[in-house]
>>> print(open('data_29.txt').read())   # compact mmCIF, C-alpha atoms and all ligand atoms
# COMPACT_ATOMS: atom_id res chain seq x y z
CA MET A 1 84.57 210.13 -30.12
CA THR A 2 83.41 213.74 -30.45
CA ILE A 3 79.68 214.29 -30.11
CA ASP A 4 78.05 217.18 -31.91
CA PRO A 5 74.84 217.59 -29.86
CA THR A 6 73.20 219.73 -32.54
CA ALA A 7 73.81 217.20 -35.32
CA PHE A 8 72.67 214.40 -33.01
CA ARG A 9 69.51 216.31 -32.10
CA GLU A 10 68.68 216.86 -35.78
CA PHE A 11 69.27 213.17 -36.51
CA GLU A 12 66.98 212.13 -33.62
CA HIS A 13 64.37 214.72 -34.58
CA ARG A 14 64.23 213.51 -38.20
CA GLY A 15 63.95 209.93 -36.94
CA TRP A 16 61.12 210.59 -34.49
CA GLN A 17 59.18 212.63 -37.02
CA GLU A 18 59.34 209.66 -39.39
CA ILE A 19 58.40 206.88 -36.97
CA ALA A 20 55.90 208.65 -34.69
CA SER A 21 52.86 206.87 -36.13
CA ARG A 22 54.53 203.44 -35.83
CA TYR A 23 55.90 203.85 -32.30
CA ASP A 24 52.76 202.81 -30.46
CA SER A 25 52.47 199.45 -32.22
CA GLY A 26 56.13 198.64 -31.47
CA PHE A 27 57.67 199.88 -28.25
CA ALA A 28 54.60 201.01 -26.33
CA ASN A 29 53.88 197.49 -25.17
CA VAL A 30 57.07 197.63 -23.10
CA THR A 31 57.71 201.34 -22.35
CA SER A 32 54.25 201.68 -20.82
CA GLN A 33 55.09 198.94 -18.27
CA SER A 34 57.30 201.40 -16.33
CA VAL A 35 54.78 204.19 -16.12
CA SER A 36 53.21 203.29 -12.79
CA ALA A 37 56.58 202.94 -11.01
CA LEU A 38 57.76 206.17 -12.69
CA LEU A 39 54.77 208.12 -11.38
CA ASP A 40 55.19 206.58 -7.91
CA ALA A 41 58.86 207.66 -7.85
CA ALA A 42 57.77 211.20 -8.79
CA ARG A 43 55.05 210.99 -6.05
CA VAL A 44 52.24 211.77 -8.50
CA THR A 45 48.81 211.86 -6.88
CA LYS A 46 45.59 213.83 -7.23
CA GLY A 47 46.33 217.48 -7.93
CA THR A 48 50.05 217.02 -8.77
CA ARG A 49 51.18 219.44 -11.49
CA LEU A 50 53.13 217.09 -13.74
CA LEU A 51 55.29 217.63 -16.81
CA ASP A 52 55.88 214.56 -19.02
CA VAL A 53 59.02 215.41 -21.01
CA ALA A 54 59.75 213.56 -24.28
CA CYS A 55 56.21 212.33 -23.83
CA GLY A 56 55.88 210.53 -27.17
CA PRO A 57 52.26 209.35 -27.50
CA GLY A 58 51.61 210.58 -23.94
CA TYR A 59 51.38 207.39 -21.86
CA ALA A 60 52.84 208.85 -18.64
CA ALA A 61 50.82 212.08 -18.89
CA ALA A 62 47.64 210.05 -19.45
CA ALA A 63 48.33 207.73 -16.50
CA ALA A 64 49.07 210.75 -14.30
CA SER A 65 45.83 212.36 -15.39
CA ALA A 66 44.00 209.13 -14.47
CA ARG A 67 45.46 209.59 -10.95
CA GLY A 68 43.92 213.07 -10.82
CA ALA A 69 47.13 214.95 -11.66
CA ILE A 70 47.18 218.05 -13.87
CA ALA A 71 49.41 216.71 -16.62
CA ILE A 72 51.13 218.40 -19.55
CA GLY A 73 53.17 216.55 -22.16
CA VAL A 74 56.01 218.02 -24.17
CA ASP A 75 57.88 216.47 -27.10
CA PHE A 76 60.17 217.96 -29.76
CA SER A 77 58.47 215.98 -32.54
CA SER A 78 55.36 217.66 -33.94
CA GLU A 79 54.28 214.24 -35.24
CA MET A 80 54.52 212.74 -31.75
CA VAL A 81 52.58 215.67 -30.33
CA GLU A 82 49.84 214.95 -32.89
CA GLU A 83 49.87 211.27 -31.84
CA ALA A 84 49.47 212.26 -28.18
CA ARG A 85 46.70 214.77 -28.93
CA GLY A 86 44.83 212.20 -31.03
CA ARG A 87 45.14 209.50 -28.39
CA TYR A 88 44.43 211.64 -25.32
CA PRO A 89 42.42 214.70 -26.45
CA GLY A 90 41.82 215.84 -22.86
CA ILE A 91 45.53 216.22 -22.10
CA GLU A 92 47.56 219.26 -23.06
CA CYS A 93 50.53 218.34 -25.20
CA GLN A 94 52.98 220.86 -26.59
CA GLU A 95 55.92 220.86 -28.95
CA GLY A 96 59.12 221.67 -27.05
CA ASP A 97 62.68 220.69 -26.28
CA ALA A 98 63.69 218.80 -23.13
CA GLU A 99 66.95 220.76 -23.12
CA GLN A 100 65.23 224.17 -23.26
CA LEU A 101 61.80 224.07 -21.66
CA SER A 102 59.47 226.98 -22.28
CA PHE A 103 57.95 226.89 -18.77
CA SER A 104 58.68 229.35 -15.95
CA ASP A 105 60.75 228.42 -12.89
CA SER A 106 59.00 226.39 -10.16
CA THR A 107 55.91 225.54 -12.26
CA PHE A 108 55.63 221.78 -11.56
CA ASP A 109 55.44 219.38 -8.62
CA ALA A 110 56.80 216.51 -10.73
CA VAL A 111 58.74 216.04 -13.96
CA VAL A 112 59.10 212.63 -15.63
CA LEU A 113 60.91 211.29 -18.68
CA ASN A 114 59.92 207.77 -19.68
CA PHE A 115 62.74 206.46 -21.90
CA GLY A 116 63.58 210.01 -23.02
CA MET A 117 67.01 210.61 -21.47
CA LEU A 118 68.83 208.17 -23.75
CA HIS A 119 67.74 210.15 -26.82
CA LEU A 120 69.16 213.50 -25.73
CA GLY A 121 72.38 215.04 -26.95
CA ARG A 122 72.69 217.09 -23.75
CA PRO A 123 71.03 215.04 -20.98
CA GLU A 124 72.63 217.10 -18.18
CA GLN A 125 70.98 220.16 -19.67
CA ALA A 126 67.57 218.40 -19.53
CA VAL A 127 68.15 217.48 -15.87
CA GLN A 128 68.98 221.12 -15.10
CA GLU A 129 65.87 222.25 -16.95
CA ALA A 130 63.74 219.80 -14.99
CA TYR A 131 65.28 221.18 -11.80
CA ARG A 132 64.48 224.74 -12.85
CA VAL A 133 60.80 224.09 -13.62
CA LEU A 134 60.24 222.05 -10.45
CA ARG A 135 59.12 223.72 -7.24
CA ARG A 136 61.23 223.14 -4.15
CA GLY A 137 60.42 219.63 -2.87
CA GLY A 138 59.19 218.51 -6.32
CA ARG A 139 60.58 215.32 -7.87
CA LEU A 140 62.18 214.35 -11.16
CA ALA A 141 61.96 210.68 -12.22
CA PHE A 142 63.26 209.08 -15.40
CA THR A 143 63.56 205.59 -16.84
CA VAL A 144 66.10 204.12 -19.25
CA TRP A 145 66.72 200.56 -20.43
CA ASP A 146 68.91 198.34 -18.32
CA THR A 147 72.18 197.15 -19.90
CA PRO A 148 71.90 194.79 -22.91
CA ASP A 149 72.95 191.74 -20.87
CA LYS A 150 69.69 192.25 -18.93
CA ALA A 151 67.47 194.07 -21.47
CA ILE A 152 67.64 191.06 -23.74
CA GLY A 153 65.79 192.65 -26.69
CA PHE A 154 68.66 195.13 -27.08
CA GLY A 155 71.25 192.45 -26.30
CA ILE A 156 69.98 190.27 -29.16
CA VAL A 157 69.91 193.10 -31.69
CA LEU A 158 73.27 194.58 -30.75
CA SER A 159 75.08 191.24 -30.77
CA ALA A 160 73.57 190.36 -34.18
CA ILE A 161 74.76 193.70 -35.58
CA GLN A 162 78.18 193.18 -33.99
CA LYS A 163 78.43 189.65 -35.43
CA TYR A 164 77.49 190.43 -39.04
CA GLY A 165 77.27 194.19 -39.48
CA ASP A 166 79.48 197.14 -40.26
CA LEU A 167 79.53 199.39 -37.19
CA SER A 168 81.51 202.11 -38.93
CA VAL A 169 78.52 203.36 -40.95
CA PRO A 170 78.16 207.15 -40.73
CA ILE A 171 75.60 208.00 -38.04
CA PRO A 172 75.93 211.17 -35.94
CA PRO A 173 77.42 209.92 -32.67
CA GLY A 174 75.36 210.47 -29.54
CA PRO A 175 75.94 209.92 -25.84
CA PRO A 176 76.27 206.25 -24.86
CA PHE A 177 72.82 204.65 -25.10
CA PHE A 178 73.23 202.80 -21.78
CA ARG A 179 74.90 205.64 -19.85
CA PHE A 180 72.08 206.05 -17.33
CA SER A 181 71.65 202.31 -16.87
CA ASP A 182 74.55 202.77 -14.45
CA PRO A 183 73.00 203.85 -11.13
CA ASP A 184 76.19 205.69 -10.12
CA GLU A 185 76.10 207.79 -13.27
CA SER A 186 72.43 208.72 -12.76
CA LYS A 187 73.11 209.61 -9.13
CA ARG A 188 76.13 211.70 -10.10
CA VAL A 189 74.19 213.72 -12.71
CA LEU A 190 71.19 214.23 -10.41
CA ARG A 191 73.44 215.28 -7.51
CA ALA A 192 75.39 217.70 -9.74
CA ALA A 193 72.13 219.43 -10.69
CA GLY A 194 71.20 219.90 -7.01
CA PHE A 195 68.82 216.97 -6.45
CA ILE A 196 68.67 215.30 -3.04
CA ASP A 197 66.96 212.16 -1.73
CA ILE A 198 68.12 210.33 -4.86
CA ALA A 199 66.92 206.78 -5.49
CA VAL A 200 67.60 204.25 -8.24
CA ALA A 201 65.45 201.14 -8.73
CA HIS A 202 65.40 198.28 -11.22
CA ILE A 203 61.99 197.59 -12.78
CA PRO A 204 61.42 194.10 -14.19
CA GLN A 205 59.57 194.14 -17.52
CA LEU A 206 58.75 191.48 -20.07
CA TRP A 207 58.32 192.14 -23.78
CA ARG A 208 55.87 189.66 -25.28
CA LEU A 209 56.32 189.68 -29.04
CA PRO A 210 53.64 188.30 -31.35
CA LEU A 211 56.23 186.50 -33.54
CA PRO A 212 60.01 185.92 -33.46
CA GLU A 213 60.43 188.28 -36.45
CA ALA A 214 58.73 191.14 -34.62
CA LEU A 215 61.88 192.29 -32.79
CA PHE A 216 63.74 193.00 -36.03
CA ASP A 217 60.67 194.72 -37.47
CA VAL A 218 60.20 196.96 -34.41
CA MET A 219 63.88 197.97 -34.37
CA TYR A 220 63.95 198.53 -38.15
CA ASN A 221 60.68 200.47 -38.34
CA GLY A 222 60.16 201.93 -34.88
CA SER A 223 63.53 203.06 -33.48
CA VAL A 224 66.01 205.77 -34.45
CA ARG A 225 69.66 204.89 -33.71
CA ASN A 226 69.36 201.13 -34.19
CA ALA A 227 67.20 201.59 -37.30
CA ALA A 228 69.82 203.90 -38.84
CA LEU A 229 72.51 201.32 -38.12
CA LEU A 230 70.42 198.55 -39.67
CA ARG A 231 69.38 200.55 -42.73
CA ALA A 232 73.00 201.35 -43.54
CA GLN A 233 73.92 197.64 -43.91
CA ARG A 234 74.29 195.80 -47.23
CA PRO A 235 71.20 193.70 -48.16
CA ASP A 236 72.97 190.33 -47.58
CA VAL A 237 74.32 191.50 -44.21
CA LEU A 238 70.89 192.80 -43.22
CA GLU A 239 69.38 189.42 -44.06
CA ALA A 240 71.95 187.64 -41.88
CA ILE A 241 71.20 190.04 -39.00
CA ARG A 242 67.46 189.52 -39.45
CA ARG A 243 67.86 185.71 -39.34
CA GLU A 244 70.14 185.84 -36.29
CA ILE A 245 67.65 188.06 -34.40
CA ARG A 246 64.67 185.88 -35.33
CA GLU A 247 66.41 182.70 -34.16
CA ALA A 248 67.50 184.29 -30.86
CA VAL A 249 63.98 185.57 -30.14
CA ALA A 250 62.54 182.12 -30.94
CA ARG A 251 64.95 180.59 -28.39
CA HIS A 252 63.35 182.94 -25.81
CA ARG A 253 59.86 181.86 -27.00
CA SER A 254 59.22 185.51 -28.00
CA GLU A 255 59.25 186.68 -24.35
CA LEU A 256 62.16 188.98 -23.70
CA PRO A 257 63.19 190.45 -20.34
CA MET A 258 63.45 194.23 -20.83
CA PRO A 259 64.08 195.68 -17.36
CA ALA A 260 64.23 199.43 -16.84
CA VAL A 261 66.39 201.49 -14.50
CA LEU A 262 64.36 204.17 -12.73
CA SER A 263 66.17 207.15 -11.18
CA SER A 264 64.59 209.92 -9.17
CA GLY A 265 65.46 212.84 -6.95
CA GLU A 266 63.96 215.78 -5.10
CA LYS A 267 64.64 219.45 -5.79
CA GLY A 268 66.47 220.52 -2.68
CA THR A 269 66.71 224.30 -2.75
C1 LIG A 301 61.54 206.30 -26.77
S1 LIG A 301 60.42 207.60 -27.03
C2 LIG A 301 59.61 207.64 -25.46
C3 LIG A 301 58.17 208.06 -25.59
C4 LIG A 301 57.33 207.95 -24.34
N1 LIG A 301 57.84 208.79 -23.28
C5 LIG A 301 57.12 206.54 -23.87
O1 LIG A 301 56.95 206.38 -22.68
O2 LIG A 301 57.09 205.60 -24.66
C6 LIG A 301 61.46 209.03 -26.96
C7 LIG A 301 60.73 210.33 -27.21
O3 LIG A 301 61.64 211.39 -26.93
C8 LIG A 301 61.36 212.45 -27.81
N2 LIG A 301 62.54 213.32 -27.80
C9 LIG A 301 63.81 213.01 -28.19
N3 LIG A 301 64.62 214.06 -28.00
C10 LIG A 301 63.86 215.06 -27.47
C11 LIG A 301 64.14 216.38 -27.05
N4 LIG A 301 65.37 216.92 -27.17
N5 LIG A 301 63.14 217.12 -26.52
C12 LIG A 301 61.88 216.60 -26.43
N6 LIG A 301 61.55 215.36 -26.84
C13 LIG A 301 62.54 214.59 -27.34
C14 LIG A 301 61.05 211.75 -29.13
O4 LIG A 301 60.36 212.57 -30.03
C15 LIG A 301 60.23 210.55 -28.63
O5 LIG A 301 58.87 210.86 -28.62
>>> encode(input="data_29.txt", output="structure tokens")
Amino acid sequence: MTIDPTAFREFEHRGWQEIASRYDSGFANVTSQSVSALLDAARVTKGTRLLDVACGPGYAAAAASARGAIAIGVDFSSEMVEEARGRYPGIECQEGDAEQLSFSDSTFDAVVLNFGMLHLGRPEQAVQEAYRVLRRGGRLAFTVWDTPDKAIGFGIVLSAIQKYGDLSVPIPPGPPFFRFSDPDESKRVLRAAGFIDIAVAHIPQLWRLPLPEALFDVMYNGSVRNAALLRAQRPDVLEAIRREIREAVARHRSELPMPAVLSSGEKGT
């Protein structure tokens, strides 16, 4: 499948602009669980100059600031930047692209992406940009979801779509969503960019949903790729998918394992 990174970026950008105000009430409950381990992997302490790339509502930047770091957030969605500014007025948050950062070389001690890599059309480019803006000895750390057999929330949704849905609906193809769930792939990309002292860890997380129907609602209203796939289905098919997801979540008593894979490395030269 040929990926057009520009078309994919536009598709993602449109999606994030639309859902920015709903993101916090959906995914935040689970993405924020990785933040502490992410900041530890990037060695963020008092005085660390940190860049939170694809910062969304700014959870990692805010947690870094609470550790005494000097944190800046950057996100390509102006709506997300507004969310972050509203939520954390004391933290600088700018509009900008992970694949083309506006900062000078060697500006930061740490760069993090919390669940940002899987939304990029050119993730290698973002890793190279992180490398460029890091000082020598600085660390990049990023999280992604584990594979759908382990990140059960995604497993449930994807198998319901596969069972009832039409997967050939026209959505701009992007890089595989679970590409960096594979530790070897993360290590390969980090090594190719020049990172050393590379580590990959699995972070256990649990998504506690208020109701069994909440998983469908979050995916439908608060995601980009999965929402586009769902919205393109016929009404009867969508109803079957919704029922299948609700029943599967109920079987898990609305508590879904959603582990993350955390990769990090140090700028070597
Ligand atoms: C899943 S959210 C993660 C938000 C936040 N980091 C968190 O911990 O929940 C992905 C974020 O990546 C941003 N994003 C996607 N592509 C981007 C790009 N090329 N450059 C900057 N931000 C991007 C989206 O606007 C969105 O805020």
>>> residues_around(input="data_29.txt", residues="stretch 59-62 of chain A", least_positions_apart="6", cutoff="8 Å", atoms="all atoms listed in the file", output="PyMOL selection string")
chain A and resi 32+35+39+50-52+71-73+88+91+112+114
>>> write_last_selection(input="data_29.txt", atoms="C-alpha atoms", output="short mmCIF file (atom, residue, chain, number, x, y, z; two decimals), in the coordinates of the input")
data_model
loop_
_atom_site.label_atom_id
_atom_site.label_comp_id
_atom_site.auth_asym_id
_atom_site.auth_seq_id
_atom_site.Cartn_x
_atom_site.Cartn_y
_atom_site.Cartn_z
CA SER A 32 54.25 201.68 -20.82
CA VAL A 35 54.78 204.19 -16.12
CA LEU A 39 54.77 208.12 -11.38
CA LEU A 50 53.13 217.09 -13.74
CA LEU A 51 55.29 217.63 -16.81
CA ASP A 52 55.88 214.56 -19.02
CA ALA A 71 49.41 216.71 -16.62
CA ILE A 72 51.13 218.40 -19.55
CA GLY A 73 53.17 216.55 -22.16
CA TYR A 88 44.43 211.64 -25.32
CA ILE A 91 45.53 216.22 -22.10
CA VAL A 112 59.10 212.63 -15.63
CA ASN A 114 59.92 207.77 -19.68
#
>>> atom_distance(input="data_29.txt", atom1="atom O3 of ligand LIG 301 (chain A)", atom2="atom CA of A:Thr45")
23.8 Å
>>> residues_near_ligand(input="data_29.txt", ligand="ligand LIG 301 (chain A)", cutoff="6 Å", atoms="all atoms listed in the file", output="number ranges by chain")
A: 16, 28, 31-32, 54-56, 59, 75-77, 80, 96-99, 114-116, 119-120
>>> atom_distance(input="data_29.txt", atom1="atom CA of A:Gly194", atom2="atom CA of A:Ala110")
15.3 Å
>>> residues_around(input="data_29.txt", residues="A:Leu113", least_positions_apart="4", cutoff="7 Å", atoms="all atoms listed in the file", output="PyMOL selection string")
chain A and resi 52-54+117+141-143
>>> residues_around(input="data_29.txt", residues="A:Ile161", least_positions_apart="4", cutoff="7 Å", atoms="all atoms listed in the file", output="PDB file with C-alpha atoms, keeping the file's coordinate frame")
ATOM      1  CA  VAL A 157      69.910 193.100 -31.690  1.00  0.00           C
ATOM      2  CA  GLY A 165      77.270 194.190 -39.480  1.00  0.00           C
ATOM      3  CA  ILE A 241      71.200 190.040 -39.000  1.00  0.00           C
TER       4      ILE A 241
END
>>> atom_distance(input="data_29.txt", atom1="atom CA of A:Arg225", atom2="atom CA of A:Glu12")
7.7 Å
>>> closest_residue(input="data_29.txt", among="A:Arg136, A:Arg242, A:His202, A:Arg14", to="A:Val218", atoms="all atoms listed in the file")
A:Arg242
>>> closest_residue(input="data_29.txt", among="A:Trp145, A:Phe180, A:Thr269, A:Ile3", to="A:Ser106", atoms="all atoms listed in the file")
A:Thr269
>>> closest_residue(input="data_29.txt", among="A:Ala126, A:Pro204, A:Ala214, A:Val224", to="A:Phe11", atoms="all atoms listed in the file")
A:Val224
>>> closest_residue(input="data_29.txt", among="A:Leu211, A:Leu230, A:Ala151, A:Val44", to="A:Pro170", atoms="only C-alpha atoms")
A:Leu230
>>> closest_residue(input="data_29.txt", among="A:Pro259, A:Pro175, A:Gly222, A:Gly153", to="A:Gln205", atoms="only C-alpha atoms")
A:Pro259
>>> residues_around(input="data_29.txt", residues="A:Ser78", least_positions_apart="5", cutoff="9 Å", atoms="only C-alpha atoms", output="PyMOL selection string")
chain A and resi 17+83+94-96
>>> closest_residue(input="data_29.txt", among="A:Pro5, A:Arg135, A:Ala63, A:Val30", to="A:Arg49", atoms="all atoms listed in the file")
A:Arg135
>>> residues_near_point(input="data_29.txt", point="(53.7, 199.9, -37.0)", cutoff="8 Å", atoms="all atoms listed in the file", output="list in words")
Ser21, Arg22, Tyr23, Asp24, Ser25, Gly26, Val218, Asn221 and Gly222 of chain A
>>> residues_around(input="data_29.txt", residues="A:Gln162", least_positions_apart="5", cutoff="12 Å", atoms="all atoms listed in the file", output="PyMOL selection string")
chain A and resi 154-157+167-168+226+229-230+233+237-238+240-241+244-245
>>> closest_atom_pairs(input="data_29.txt", of="stretch 2-85 of chain A", to="stretch 121-125 of chain A", cutoff="9 Å", atoms="all atoms listed in the file", output="CSV")
residue,atom,partner,partner_atom,distance
A:Ile3,CA,A:Gly121,CA,8.0
A:Asp4,CA,A:Gly121,CA,7.8
A:Pro5,CA,A:Gly121,CA,4.6
A:Thr6,CA,A:Gly121,CA,7.3
A:Ala7,CA,A:Gly121,CA,8.8
A:Phe8,CA,A:Gly121,CA,6.1
A:Arg9,CA,A:Gly121,CA,6.0
>>> axis_aligned_box(input="data_29.txt", around="stretch 113-125 of chain A", padding_each_side="5 Å", output="JSON")
{"center_x": 66.3, "center_y": 213.3, "center_z": -22.6, "size_x": 22.8, "size_y": 23.7, "size_z": 18.8}
